[in-house]
Structure formats: structure tokens, C-alpha cells
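Asks: Quick one: the structure is below, and I'll ask about it shortly.
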Amino acid sequence: MPISHIMASGLTGMRAAGDLVARMQFSENMRINEAKDYVARKLGVEALDLSDEYVMREIREELDIGVLTSVPGCAKGIASKMNIEKLLDVEINCCDKFREITM
Amino acid sequence: MANEYFLRMGDGERISMTREQIIADLQEGSADAADLGDIPELSGDEIDKLADIIMDPNRIVSVEPGMEIPVTHDIGSIRIDGDQGNSGVGIPSSRLVGCMMHERGFGADTMELGHIDYSFKPVKPVIAQEQQAMEVCQQNMTVPLLYGAMPNLGLYYTPDGPFENPGDLMKAFKINEARESIEHAGDHATRDITWIMQHLQKVGCDGVNFDTIGAAGDGDVYASLYAMKALREEFPNIYIEAGMAGECTLGMHGELEFEGKALAGLWPHEQVPLAEEAGANVFGPVCNTNTSKSSAWNLARAVTFTKAAVSAANIPCHVDMGMGVGGIPMFETPPIDAVTRASKAMVEIAGVDGI
């Protein structure tokens, strides 16, 4: 059932930019259009591109913010979130903890 | 059959209806929500659009390009490794693997970690285990990862908990004692939820999903809202999702309040301001499915309630659209035709910010 929703109306997570839009909704209480506009501006694309796998694949790899397939050497997990923090200008709790531990 | 269209009953059974019958059910369902919630009915144009979505000849429908929204998840990886009681599919796997499957395999926009019981109270004795699992998941995942659980005030009553069951007390006409029991349970649940999330935030958790708030009535809502308030004060950046259990808050106590506002009898558009005040970032409105009515009736009713909640909200609304809510049939494997129609209708007519 969740996959039916994702296929019908989802931003499809890391396939495109769904995780980034969701993160702005949660971290800044942004409504859908505001969150999409914010993420699109940060990525330098149109809001329509945020669900376009073709556009987002290259951008995600270039910015090293996590790609869906396991590309050797690309940032994964917490490393990708450290880059997302900088891109979206937000603080992510686990990145803070990671910095606390490693500094 | 030439002039009839396939749709579903609220229990998922396939039926066929004429356009006129579908329109009549849409109007009746919307009117029912409007009457109960004292909110506007859907307009004629919105009813027509809803009818077009339902009568679309394709099995799967979708939103127009550019209208996509985030799909957040409840129940966590229990969907993968859990048993049928949680609608799990019983694939042996760790919770990390379950979370990563949702992120990398299913296109989830957010994910959550949850305990196999999926209630807050049983997490207390195994908090270190939950911290460890959260820490490992956060190190390996990119999408926002919440901790999800049900407030489930029922676990605080006998025989499962320390306080006498208010249902039993009410049957004995001990109304004041029943209310006291609910109040004690609510305070304990607030304390427990806050304590659990304090520990999870320490290991890098993104936040919390309160799943099925109000399942045990207004005491459940009371406990959840005060836990949200405490968490927001202590952790200004915590992500808080407030997902409801039902369209109307049942007044099991009847006189409980949050910051001076009565909780009993609230409808989705009246619940969302309280969630906002408590500190939620995302609100999940619910409309329950009536299995004896058609999907047209149920969907129009759900869209009417949800549209009013979205209008009243200042925070994103991720409508609850699991089995038996949000116009989805009350069936464990809801038919794809019904799910995708409900999904499209919620985005394009109710204007939700997510699902």
C-alpha cells in the first residue's frame, strides 16, 4: 500500500528530492509549496524537477548528498547528511552528535 | 454495465455504480462530514473532479506532474519483519535492513524506527537497545528517520498497567474514579514518552512520530500533547509528527484540557491548532472508513474533513491514509485502484502537504 501511494503521488525519496522536501517540512514547518520552492532554489532547479529522477540523479551525485544506487566512493548515510546540512542550511541532530564525538 | 463504473465498498469489495449513483454518494459523504464537523461541503466543481478521478478507466491513477508530495511512513520496519498483527509480511530482517529497504528500494521520503510492540510504554525496559538501533540506523541512512510509537494509554490500565481500568469503573458508575484513573495514566504516559525521546535524541534521532493519538480517547490526546510540549521545550529542533487515530476525539474522560482547551469531541480541523500549539511540525488528520458505504461516499467524506484541516493548519498536514482511513478501504491489502484514487484526490482536492 505505501508503494501505491508513492507511485501515485510521492516525491519518491532519494530517487529524486523527496527526502530534502520532507526535511524542510519537518525542520522549518514549511507547507508543501514553500518547501519545494526552498529546495529547488538551493539546488538551482525548477520545483517541477524535484520529482524528476533524470534531473535529480545527476544533481545528487554532483552535490554528494546521497544517491539511490550504491556508487562506490559517493557519500552514504551520515556523510550524505553532513552535505545536506550545508546545502539546505539546516542542522541535523545525528550530524551534531557525530561532530561532538569526532572533534 | 455500459454506463457503470467499477469502484469499491469500504471493505474493499468491488462493486459497480452509475455516474449518477456515484455523484449522489459523493454528495452524501461530503454532506455527512460537513454536518458533523460544521465545515464547508465540497463545491460542485470539486465533486465533479472527484467523480472524474473515481471513474477514470485506468486501474492506477496519479497526480499531475509537479503536484507530488512527501510520503511519510508509520509502523517502521515492522512492515517487513513483523507478523500479521502489524500487517507485517514476515520477512526475517534486521530493523536497519528494513529501514534501508524503504529508503533505497521503495522510494520512501522519510522512515521511522519502531519497537516490535509499537507502543511507547514497552520501550522503557529496552531503551538502550532502541538507542543502539537508532544510532546505527542514523549512521547508515540519508532520509529523515523518526522514532515511531503509539501513546496507547490502554497499556496503563489493569490488567496491563498500574491504574484501574476506567471502563470497568464506569460500568460500576464510579465516574470520578474513572476520570482519576485516566488522569494518572495520562501523566505517566507523558512522562514515559518524554523520557524515551530524551534518550533517543541523545543518540542522534531526528524526531518522533506519535502514531494513533487518541486511540484511547481524550486521555491519550492529553498525554501526547503534553509530551510534545515538553519535548519541544527541551529540544527546539526535534521533528514531531502528530498522527491521529480517529476523526473525532472520544471523550472517555470528557473534561480533560490542553492549555485551557477541552479535548473531547474535536474534529480534525479543531485538533490541528492544538497540535501546533504543543509543538508539532507535521499533523496527520484522520477520517475513518465506513465499510458499509461505497468508496465514493468514504472518499468524499475524508476529503471534506481533510480539506478543512488543511485550511485550518499553519503546519504541513500529512493525511493518514493507511488501511481503513483517509478513504482507503478497511482491508489489509487495499486494492491499488482504490489507494491511488484516494491518494490523487487528497493531493489535488484536499490540498494536503504529504501523506
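Quick note on naming: the chains in the C-alpha cells go A, B, ... in the order shown, residues restart at 1 in each chain, and ligands are numbered from 1 in order of appearance.
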Report as a ChimeraX atom specification all protein, DNA and RNA residues lying within 10 Å of segment 64-79 of chain A, evaluated on only C-alpha atoms, omitting residues in the same chain fewer than 4 positions from it.
Replies: /A:13-16,20,56-60,83-87,92,94-95,98 /B:100,103-105,107,136-143
Asks: Dump as a ChimeraX atom specification the residues of chain A that approach chain B to within 6 Å, counting only C-alpha atoms.
Replies: /A:8-13,18-19,22,26,29,31-32,48,68,77-78,81,93-94,97
Asks: Please save N, CA, C and O atoms of the selected residues as a PDB file, in the first residue's frame.
Replies:
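What landed in out31.pdb:
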ATOM      1  N   ALA A   8       1.619   6.873  -6.903  1.00  0.00           N
ATOM      2  CA  ALA A   8       0.542   7.777  -7.316  1.00  0.00           C
ATOM      3  C   ALA A   8       0.875   9.233  -7.062  1.00  0.00           C
ATOM      4  O   ALA A   8       0.564  10.100  -7.877  1.00  0.00           O
ATOM      5  N   SER A   9       1.519   9.514  -5.922  1.00  0.00           N
ATOM      6  CA  SER A   9       1.685  10.921  -5.576  1.00  0.00           C
ATOM      7  C   SER A   9       2.979  11.251  -4.855  1.00  0.00           C
ATOM      8  O   SER A   9       3.170  12.397  -4.457  1.00  0.00           O
ATOM      9  N   GLY A  10       3.879  10.303  -4.695  1.00  0.00           N
ATOM     10  CA  GLY A  10       5.081  10.544  -3.897  1.00  0.00           C
ATOM     11  C   GLY A  10       6.190  11.257  -4.635  1.00  0.00           C
ATOM     12  O   GLY A  10       6.291  11.208  -5.860  1.00  0.00           O
ATOM     13  N   LEU A  11       7.042  11.904  -3.847  1.00  0.00           N
ATOM     14  CA  LEU A  11       8.235  12.544  -4.407  1.00  0.00           C
ATOM     15  C   LEU A  11       9.364  11.536  -4.559  1.00  0.00           C
ATOM     16  O   LEU A  11      10.457  11.878  -5.001  1.00  0.00           O
ATOM     17  N   THR A  12       9.125  10.321  -4.127  1.00  0.00           N
ATOM     18  CA  THR A  12       9.992   9.138  -4.323  1.00  0.00           C
ATOM     19  C   THR A  12      11.349   9.211  -3.627  1.00  0.00           C
ATOM     20  O   THR A  12      12.313   8.591  -4.080  1.00  0.00           O
ATOM     21  N   GLY A  13      11.429   9.935  -2.537  1.00  0.00           N
ATOM     22  CA  GLY A  13      12.614   9.912  -1.691  1.00  0.00           C
ATOM     23  C   GLY A  13      13.895  10.223  -2.431  1.00  0.00           C
ATOM     24  O   GLY A  13      13.977  11.169  -3.215  1.00  0.00           O
ATOM     25  N   GLY A  18      12.640  13.846  -2.661  1.00  0.00           N
ATOM     26  CA  GLY A  18      11.597  13.738  -1.633  1.00  0.00           C
ATOM     27  C   GLY A  18      12.109  13.898  -0.217  1.00  0.00           C
ATOM     28  O   GLY A  18      11.458  14.544   0.616  1.00  0.00           O
ATOM     29  N   ASP A  19      13.287  13.329   0.060  1.00  0.00           N
ATOM     30  CA  ASP A  19      13.833  13.435   1.424  1.00  0.00           C
ATOM     31  C   ASP A  19      14.181  14.874   1.763  1.00  0.00           C
ATOM     32  O   ASP A  19      14.032  15.301   2.903  1.00  0.00           O
ATOM     33  N   ALA A  22      10.859  16.783   2.430  1.00  0.00           N
ATOM     34  CA  ALA A  22      10.327  16.337   3.725  1.00  0.00           C
ATOM     35  C   ALA A  22      11.144  16.938   4.869  1.00  0.00           C
ATOM     36  O   ALA A  22      10.594  17.366   5.890  1.00  0.00           O
ATOM     37  N   PHE A  26       9.757  19.204   8.058  1.00  0.00           N
ATOM     38  CA  PHE A  26       9.941  18.866   9.470  1.00  0.00           C
ATOM     39  C   PHE A  26      10.816  19.871  10.211  1.00  0.00           C
ATOM     40  O   PHE A  26      10.576  20.146  11.381  1.00  0.00           O
ATOM     41  N   ASN A  29       8.766  23.643   9.431  1.00  0.00           N
ATOM     42  CA  ASN A  29       7.284  23.692   9.338  1.00  0.00           C
ATOM     43  C   ASN A  29       6.799  24.215   7.986  1.00  0.00           C
ATOM     44  O   ASN A  29       5.732  24.834   7.910  1.00  0.00           O
ATOM     45  N   ARG A  31       5.051  24.494   4.473  1.00  0.00           N
ATOM     46  CA  ARG A  31       3.995  23.840   3.702  1.00  0.00           C
ATOM     47  C   ARG A  31       4.608  23.351   2.384  1.00  0.00           C
ATOM     48  O   ARG A  31       5.704  23.760   2.012  1.00  0.00           O
ATOM     49  N   ILE A  32       3.854  22.546   1.652  1.00  0.00           N
ATOM     50  CA  ILE A  32       4.441  21.838   0.516  1.00  0.00           C
ATOM     51  C   ILE A  32       5.069  22.765  -0.531  1.00  0.00           C
ATOM     52  O   ILE A  32       6.211  22.535  -0.956  1.00  0.00           O
ATOM     53  N   LEU A  48       9.365  21.713 -10.441  1.00  0.00           N
ATOM     54  CA  LEU A  48       8.916  20.542 -11.201  1.00  0.00           C
ATOM     55  C   LEU A  48      10.015  19.474 -11.297  1.00  0.00           C
ATOM     56  O   LEU A  48       9.731  18.280 -11.395  1.00  0.00           O
ATOM     57  N   LEU A  68      20.639   6.857  -4.926  1.00  0.00           N
ATOM     58  CA  LEU A  68      19.883   5.651  -4.621  1.00  0.00           C
ATOM     59  C   LEU A  68      20.704   4.370  -4.778  1.00  0.00           C
ATOM     60  O   LEU A  68      20.683   3.491  -3.926  1.00  0.00           O
ATOM     61  N   GLY A  77      24.809   7.488   3.971  1.00  0.00           N
ATOM     62  CA  GLY A  77      24.412   7.628   5.365  1.00  0.00           C
ATOM     63  C   GLY A  77      24.735   8.996   5.929  1.00  0.00           C
ATOM     64  O   GLY A  77      24.428  10.027   5.322  1.00  0.00           O
ATOM     65  N   ILE A  78      25.411   8.989   7.087  1.00  0.00           N
ATOM     66  CA  ILE A  78      25.637  10.256   7.795  1.00  0.00           C
ATOM     67  C   ILE A  78      26.512  11.215   6.984  1.00  0.00           C
ATOM     68  O   ILE A  78      26.352  12.430   7.065  1.00  0.00           O
ATOM     69  N   LYS A  81      24.291  13.198   4.863  1.00  0.00           N
ATOM     70  CA  LYS A  81      23.516  14.175   5.637  1.00  0.00           C
ATOM     71  C   LYS A  81      24.365  15.383   6.042  1.00  0.00           C
ATOM     72  O   LYS A  81      23.842  16.487   6.179  1.00  0.00           O
ATOM     73  N   ASN A  93      20.355  16.491  13.772  1.00  0.00           N
ATOM     74  CA  ASN A  93      20.769  16.044  15.103  1.00  0.00           C
ATOM     75  C   ASN A  93      21.924  15.035  15.062  1.00  0.00           C
ATOM     76  O   ASN A  93      22.908  15.176  15.771  1.00  0.00           O
ATOM     77  N   CYS A  94      21.808  14.017  14.193  1.00  0.00           N
ATOM     78  CA  CYS A  94      22.855  12.986  14.199  1.00  0.00           C
ATOM     79  C   CYS A  94      24.189  13.538  13.701  1.00  0.00           C
ATOM     80  O   CYS A  94      25.254  13.060  14.098  1.00  0.00           O
ATOM     81  N   LYS A  97      25.740  15.173  16.684  1.00  0.00           N
ATOM     82  CA  LYS A  97      26.318  14.163  17.584  1.00  0.00           C
ATOM     83  C   LYS A  97      27.637  13.631  17.011  1.00  0.00           C
ATOM     84  O   LYS A  97      28.596  13.427  17.734  1.00  0.00           O
TER      85      LYS A  97
END
Asks: Measuring between only C-alpha atoms, which one of B:Asn58, B:Ser77, B:Ser30, B:Thr18 shows the shortest distance to Lys307 of chain B?
Replies: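 Among the listed residues, the smallest separation from Lys307 of chain B belongs to B:Ser30.
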Asks: Rounded to one decimal, what separation in Å do you get between atom CA of Ala230 of chain B and atom CA of Leu266 of chain B?
Replies: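 Pair atom CA of Ala230 of chain B / atom CA of Leu266 of chain B returns 22.3 Å.
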Asks: DSSP on the backbone: which residues in chain A end up as helix (DSSP H, G or I)? Give the answer as a tab-separated table (two decimals) with N, CA, C and O atoms, in the first residue's frame.
Replies:
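Written output follows (out-v8.tsv):
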chain	number	residue	atom	x	y	z
A	2	PRO	N	1.90	1.38	0.83
A	2	PRO	CA	2.70	2.61	0.76
A	2	PRO	C	3.29	2.81	-0.62
A	2	PRO	O	3.43	3.94	-1.10
A	3	ILE	N	3.63	1.70	-1.28
A	3	ILE	CA	4.22	1.83	-2.62
A	3	ILE	C	3.18	2.37	-3.60
A	3	ILE	O	3.50	3.16	-4.50
A	4	SER	N	1.91	1.99	-3.40
A	4	SER	CA	0.85	2.55	-4.26
A	4	SER	C	0.79	4.06	-4.10
A	4	SER	O	0.65	4.81	-5.07
A	5	HIS	N	0.88	4.54	-2.84
A	5	HIS	CA	0.88	5.99	-2.59
A	5	HIS	C	2.10	6.64	-3.24
A	5	HIS	O	2.00	7.71	-3.85
A	6	ILE	N	3.25	6.01	-3.07
A	6	ILE	CA	4.49	6.59	-3.61
A	6	ILE	C	4.40	6.70	-5.14
A	6	ILE	O	4.77	7.70	-5.73
A	7	MET	N	3.86	5.65	-5.76
A	7	MET	CA	3.73	5.67	-7.22
A	7	MET	C	2.70	6.72	-7.67
A	7	MET	O	2.89	7.39	-8.68
A	8	ALA	N	1.62	6.87	-6.90
A	8	ALA	CA	0.54	7.78	-7.32
A	8	ALA	C	0.88	9.23	-7.06
A	8	ALA	O	0.56	10.10	-7.88
A	9	SER	N	1.52	9.51	-5.92
A	9	SER	CA	1.69	10.92	-5.58
A	9	SER	C	2.98	11.25	-4.85
A	9	SER	O	3.17	12.40	-4.46
A	13	GLY	N	11.43	9.93	-2.54
A	13	GLY	CA	12.61	9.91	-1.69
A	13	GLY	C	13.90	10.22	-2.43
A	13	GLY	O	13.98	11.17	-3.22
A	14	MET	N	14.91	9.37	-2.20
A	14	MET	CA	16.23	9.60	-2.78
A	14	MET	C	16.30	9.34	-4.29
A	14	MET	O	17.31	9.64	-4.92
A	15	ARG	N	15.25	8.76	-4.86
A	15	ARG	CA	15.22	8.64	-6.32
A	15	ARG	C	15.23	10.03	-6.94
A	15	ARG	O	15.74	10.24	-8.03
A	18	GLY	N	12.64	13.85	-2.66
A	18	GLY	CA	11.60	13.74	-1.63
A	18	GLY	C	12.11	13.90	-0.22
A	18	GLY	O	11.46	14.54	0.62
A	19	ASP	N	13.29	13.33	0.06
A	19	ASP	CA	13.83	13.44	1.42
A	19	ASP	C	14.18	14.87	1.76
A	19	ASP	O	14.03	15.30	2.90
A	20	LEU	N	14.61	15.65	0.77
A	20	LEU	CA	15.00	17.04	1.02
A	20	LEU	C	13.77	17.90	1.31
A	20	LEU	O	13.78	18.74	2.22
A	21	VAL	N	12.71	17.68	0.53
A	21	VAL	CA	11.47	18.44	0.76
A	21	VAL	C	10.87	18.07	2.12
A	21	VAL	O	10.47	18.94	2.90
A	22	ALA	N	10.86	16.78	2.43
A	22	ALA	CA	10.33	16.34	3.72
A	22	ALA	C	11.14	16.94	4.87
A	22	ALA	O	10.59	17.37	5.89
A	23	ARG	N	12.45	17.00	4.69
A	23	ARG	CA	13.30	17.54	5.76
A	23	ARG	C	12.99	19.01	6.03
A	23	ARG	O	12.97	19.46	7.18
A	24	MET	N	12.67	19.77	5.00
A	24	MET	CA	12.33	21.18	5.21
A	24	MET	C	10.95	21.30	5.86
A	24	MET	O	10.72	22.22	6.66
A	25	GLN	N	10.04	20.38	5.55
A	25	GLN	CA	8.74	20.42	6.22
A	25	GLN	C	8.92	20.18	7.71
A	25	GLN	O	8.31	20.86	8.55
A	26	PHE	N	9.76	19.20	8.06
A	26	PHE	CA	9.94	18.87	9.47
A	26	PHE	C	10.82	19.87	10.21
A	26	PHE	O	10.58	20.15	11.38
A	27	SER	N	11.84	20.39	9.56
A	27	SER	CA	12.74	21.26	10.31
A	27	SER	C	12.27	22.70	10.36
A	27	SER	O	12.62	23.43	11.28
A	28	GLU	N	11.46	23.13	9.38
A	28	GLU	CA	11.03	24.54	9.36
A	28	GLU	C	9.52	24.70	9.26
A	28	GLU	O	9.05	25.81	8.99
A	32	ILE	N	3.85	22.55	1.65
A	32	ILE	CA	4.44	21.84	0.52
A	32	ILE	C	5.07	22.76	-0.53
A	32	ILE	O	6.21	22.53	-0.96
A	33	ASN	N	4.36	23.82	-0.92
A	33	ASN	CA	4.92	24.66	-1.99
A	33	ASN	C	6.13	25.45	-1.52
A	33	ASN	O	7.09	25.64	-2.27
A	34	GLU	N	6.07	25.89	-0.26
A	34	GLU	CA	7.20	26.65	0.29
A	34	GLU	C	8.44	25.74	0.37
A	34	GLU	O	9.55	26.15	0.03
A	35	ALA	N	8.22	24.51	0.82
A	35	ALA	CA	9.35	23.56	0.95
A	35	ALA	C	9.93	23.23	-0.43
A	35	ALA	O	11.16	23.18	-0.60
A	36	LYS	N	9.07	23.03	-1.40
A	36	LYS	CA	9.56	22.72	-2.76
A	36	LYS	C	10.34	23.90	-3.33
A	36	LYS	O	11.41	23.72	-3.93
A	37	ASP	N	9.79	25.11	-3.16
A	37	ASP	CA	10.47	26.29	-3.69
A	37	ASP	C	11.84	26.46	-3.04
A	37	ASP	O	12.82	26.81	-3.69
A	38	TYR	N	11.88	26.22	-1.73
A	38	TYR	CA	13.14	26.40	-0.99
A	38	TYR	C	14.20	25.41	-1.49
A	38	TYR	O	15.33	25.79	-1.80
A	39	VAL	N	13.80	24.15	-1.60
A	39	VAL	CA	14.76	23.12	-2.04
A	39	VAL	C	15.17	23.37	-3.49
A	39	VAL	O	16.36	23.27	-3.84
A	40	ALA	N	14.21	23.73	-4.32
A	40	ALA	CA	14.52	23.98	-5.74
A	40	ALA	C	15.53	25.12	-5.87
A	40	ALA	O	16.48	25.05	-6.66
A	41	ARG	N	15.32	26.18	-5.06
A	41	ARG	CA	16.24	27.32	-5.09
A	41	ARG	C	17.65	26.90	-4.67
A	41	ARG	O	18.63	27.27	-5.29
A	42	LYS	N	17.72	26.09	-3.62
A	42	LYS	CA	19.04	25.64	-3.14
A	42	LYS	C	19.74	24.75	-4.17
A	42	LYS	O	20.97	24.72	-4.26
A	43	LEU	N	18.94	24.00	-4.94
A	43	LEU	CA	19.52	23.10	-5.94
A	43	LEU	C	19.73	23.78	-7.29
A	43	LEU	O	20.36	23.22	-8.19
A	47	ALA	N	10.87	23.77	-9.40
A	47	ALA	CA	10.16	22.89	-8.46
A	47	ALA	C	9.71	21.60	-9.17
A	47	ALA	O	9.69	20.52	-8.56
A	48	LEU	N	9.36	21.71	-10.44
A	48	LEU	CA	8.92	20.54	-11.20
A	48	LEU	C	10.02	19.47	-11.30
A	48	LEU	O	9.73	18.28	-11.40
A	49	ASP	N	11.28	19.92	-11.22
A	49	ASP	CA	12.41	18.98	-11.35
A	49	ASP	C	12.59	18.10	-10.12
A	49	ASP	O	13.31	17.10	-10.17
A	50	LEU	N	11.98	18.50	-9.00
A	50	LEU	CA	12.24	17.79	-7.74
A	50	LEU	C	11.73	16.35	-7.74
A	50	LEU	O	12.15	15.53	-6.94
A	51	SER	N	10.80	16.06	-8.64
A	51	SER	CA	10.31	14.67	-8.74
A	51	SER	C	10.84	13.98	-9.99
A	51	SER	O	10.42	12.88	-10.33
A	53	GLU	N	13.53	12.04	-11.72
A	53	GLU	CA	14.70	11.20	-11.42
A	53	GLU	C	15.87	11.52	-12.34
A	53	GLU	O	17.03	11.47	-11.91
A	54	TYR	N	15.59	11.86	-13.58
A	54	TYR	CA	16.66	12.13	-14.56
A	54	TYR	C	17.46	13.35	-14.13
A	54	TYR	O	18.69	13.35	-14.15
A	55	VAL	N	16.75	14.41	-13.73
A	55	VAL	CA	17.42	15.64	-13.30
A	55	VAL	C	18.14	15.41	-11.96
A	55	VAL	O	19.29	15.78	-11.78
A	56	MET	N	17.42	14.79	-11.03
A	56	MET	CA	17.93	14.70	-9.66
A	56	MET	C	19.09	13.73	-9.51
A	56	MET	O	19.94	13.90	-8.64
A	57	ARG	N	19.14	12.72	-10.35
A	57	ARG	CA	20.23	11.75	-10.23
A	57	ARG	C	21.60	12.44	-10.36
A	57	ARG	O	22.49	12.26	-9.54
A	58	GLU	N	21.71	13.26	-11.39
A	58	GLU	CA	22.99	13.92	-11.63
A	58	GLU	C	23.30	14.92	-10.52
A	58	GLU	O	24.44	15.01	-10.06
A	59	ILE	N	22.27	15.67	-10.13
A	59	ILE	CA	22.47	16.69	-9.08
A	59	ILE	C	22.90	16.03	-7.77
A	59	ILE	O	23.81	16.50	-7.09
A	60	ARG	N	22.24	14.95	-7.42
A	60	ARG	CA	22.55	14.29	-6.14
A	60	ARG	C	23.99	13.77	-6.14
A	60	ARG	O	24.69	13.88	-5.15
A	61	GLU	N	24.40	13.25	-7.28
A	61	GLU	CA	25.76	12.71	-7.36
A	61	GLU	C	26.79	13.85	-7.32
A	61	GLU	O	27.80	13.77	-6.62
A	62	GLU	N	26.47	14.90	-8.03
A	62	GLU	CA	27.38	16.06	-8.10
A	62	GLU	C	27.54	16.71	-6.72
A	62	GLU	O	28.65	17.05	-6.30
A	63	LEU	N	26.43	16.88	-6.01
A	63	LEU	CA	26.48	17.52	-4.68
A	63	LEU	C	26.84	16.54	-3.57
A	63	LEU	O	27.02	16.93	-2.43
A	77	GLY	N	24.81	7.49	3.97
A	77	GLY	CA	24.41	7.63	5.37
A	77	GLY	C	24.74	9.00	5.93
A	77	GLY	O	24.43	10.03	5.32
A	78	ILE	N	25.41	8.99	7.09
A	78	ILE	CA	25.64	10.26	7.80
A	78	ILE	C	26.51	11.21	6.98
A	78	ILE	O	26.35	12.43	7.07
A	79	ALA	N	27.39	10.68	6.14
A	79	ALA	CA	28.23	11.56	5.31
A	79	ALA	C	27.36	12.37	4.34
A	79	ALA	O	27.58	13.57	4.14
A	80	SER	N	26.35	11.71	3.77
A	80	SER	CA	25.46	12.43	2.85
A	80	SER	C	24.66	13.49	3.61
A	80	SER	O	24.38	14.57	3.08
A	81	LYS	N	24.29	13.20	4.86
A	81	LYS	CA	23.52	14.18	5.64
A	81	LYS	C	24.37	15.38	6.04
A	81	LYS	O	23.84	16.49	6.18
A	82	MET	N	25.67	15.18	6.22
A	82	MET	CA	26.55	16.32	6.51
A	82	MET	C	26.53	17.29	5.31
A	82	MET	O	26.57	18.50	5.48
A	83	ASN	N	26.47	16.73	4.10
A	83	ASN	CA	26.40	17.59	2.91
A	83	ASN	C	25.01	18.21	2.75
A	83	ASN	O	24.88	19.34	2.28
A	84	ILE	N	23.97	17.47	3.14
A	84	ILE	CA	22.60	18.01	3.06
A	84	ILE	C	22.45	19.19	4.03
A	84	ILE	O	21.82	20.20	3.70
A	85	GLU	N	23.05	19.07	5.21
A	85	GLU	CA	23.02	20.18	6.19
A	85	GLU	C	23.51	21.48	5.56
A	85	GLU	O	22.89	22.53	5.68
A	86	LYS	N	24.66	21.36	4.88
A	86	LYS	CA	25.26	22.56	4.28
A	86	LYS	C	24.40	23.08	3.13
A	86	LYS	O	24.16	24.27	3.01
A	87	LEU	N	23.90	22.14	2.32
A	87	LEU	CA	23.08	22.53	1.17
A	87	LEU	C	21.81	23.25	1.60
A	87	LEU	O	21.46	24.30	1.05
A	88	LEU	N	21.09	22.68	2.56
A	88	LEU	CA	19.78	23.22	2.95
A	88	LEU	C	19.87	24.25	4.08
A	88	LEU	O	18.85	24.84	4.46
A	93	ASN	N	20.35	16.49	13.77
A	93	ASN	CA	20.77	16.04	15.10
A	93	ASN	C	21.92	15.04	15.06
A	93	ASN	O	22.91	15.18	15.77
A	94	CYS	N	21.81	14.02	14.19
A	94	CYS	CA	22.86	12.99	14.20
A	94	CYS	C	24.19	13.54	13.70
A	94	CYS	O	25.25	13.06	14.10
A	95	CYS	N	24.15	14.57	12.85
A	95	CYS	CA	25.39	15.19	12.40
A	95	CYS	C	26.03	15.96	13.55
A	95	CYS	O	27.26	15.95	13.71
A	96	ASP	N	25.18	16.62	14.35
A	96	ASP	CA	25.70	17.31	15.54
A	96	ASP	C	26.40	16.32	16.46
A	96	ASP	O	27.48	16.57	16.97
A	97	LYS	N	25.74	15.17	16.68
A	97	LYS	CA	26.32	14.16	17.58
A	97	LYS	C	27.64	13.63	17.01
A	97	LYS	O	28.60	13.43	17.73
A	98	PHE	N	27.65	13.44	15.69
A	98	PHE	CA	28.85	12.93	15.02
A	98	PHE	C	30.02	13.91	15.22
A	98	PHE	O	31.15	13.51	15.53
A	99	ARG	N	29.70	15.19	15.08
A	99	ARG	CA	30.75	16.21	15.26
A	99	ARG	C	31.24	16.24	16.71
A	99	ARG	O	32.44	16.34	16.97
A	100	GLU	N	30.27	16.12	17.63
A	100	GLU	CA	30.65	16.13	19.05
A	100	GLU	C	31.62	15.00	19.37
A	100	GLU	O	32.59	15.17	20.09
A	101	ILE	N	31.34	13.84	18.78
A	101	ILE	CA	32.16	12.65	19.06
A	101	ILE	C	33.54	12.75	18.41
A	101	ILE	O	34.54	12.31	18.97
A	102	THR	N	33.59	13.35	17.22
A	102	THR	CA	34.83	13.29	16.46
A	102	THR	C	35.74	14.50	16.66
A	102	THR	O	36.88	14.49	16.23
Asks: Report the distance between atom CA of Gly76 of chain B and atom CA of Met228 of chain B in Å, rounded to one decimal place.
Replies: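 If I compute the distance from atom CA of Gly76 of chain B to atom CA of Met228 of chain B, I get 20.0 Å.
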Asks: Would you mind reading off the distance between atom CA of Cys248 of chain B and atom CA of Leu169 of chain B, one decimal, in Å?
Replies: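 About the pair atom CA of Cys248 of chain B and atom CA of Leu169 of chain B: they are 23.2 Å apart.
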Asks: Tell me which of B:Pro159, B:Gly246, B:Pro151, B:Gly219 sits closest to Pro122 of chain B, counting only C-alpha atoms.
Replies: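 Among B:Pro159, B:Gly246, B:Pro151, B:Gly219, it is B:Pro151 that comes nearest to Pro122 of chain B.
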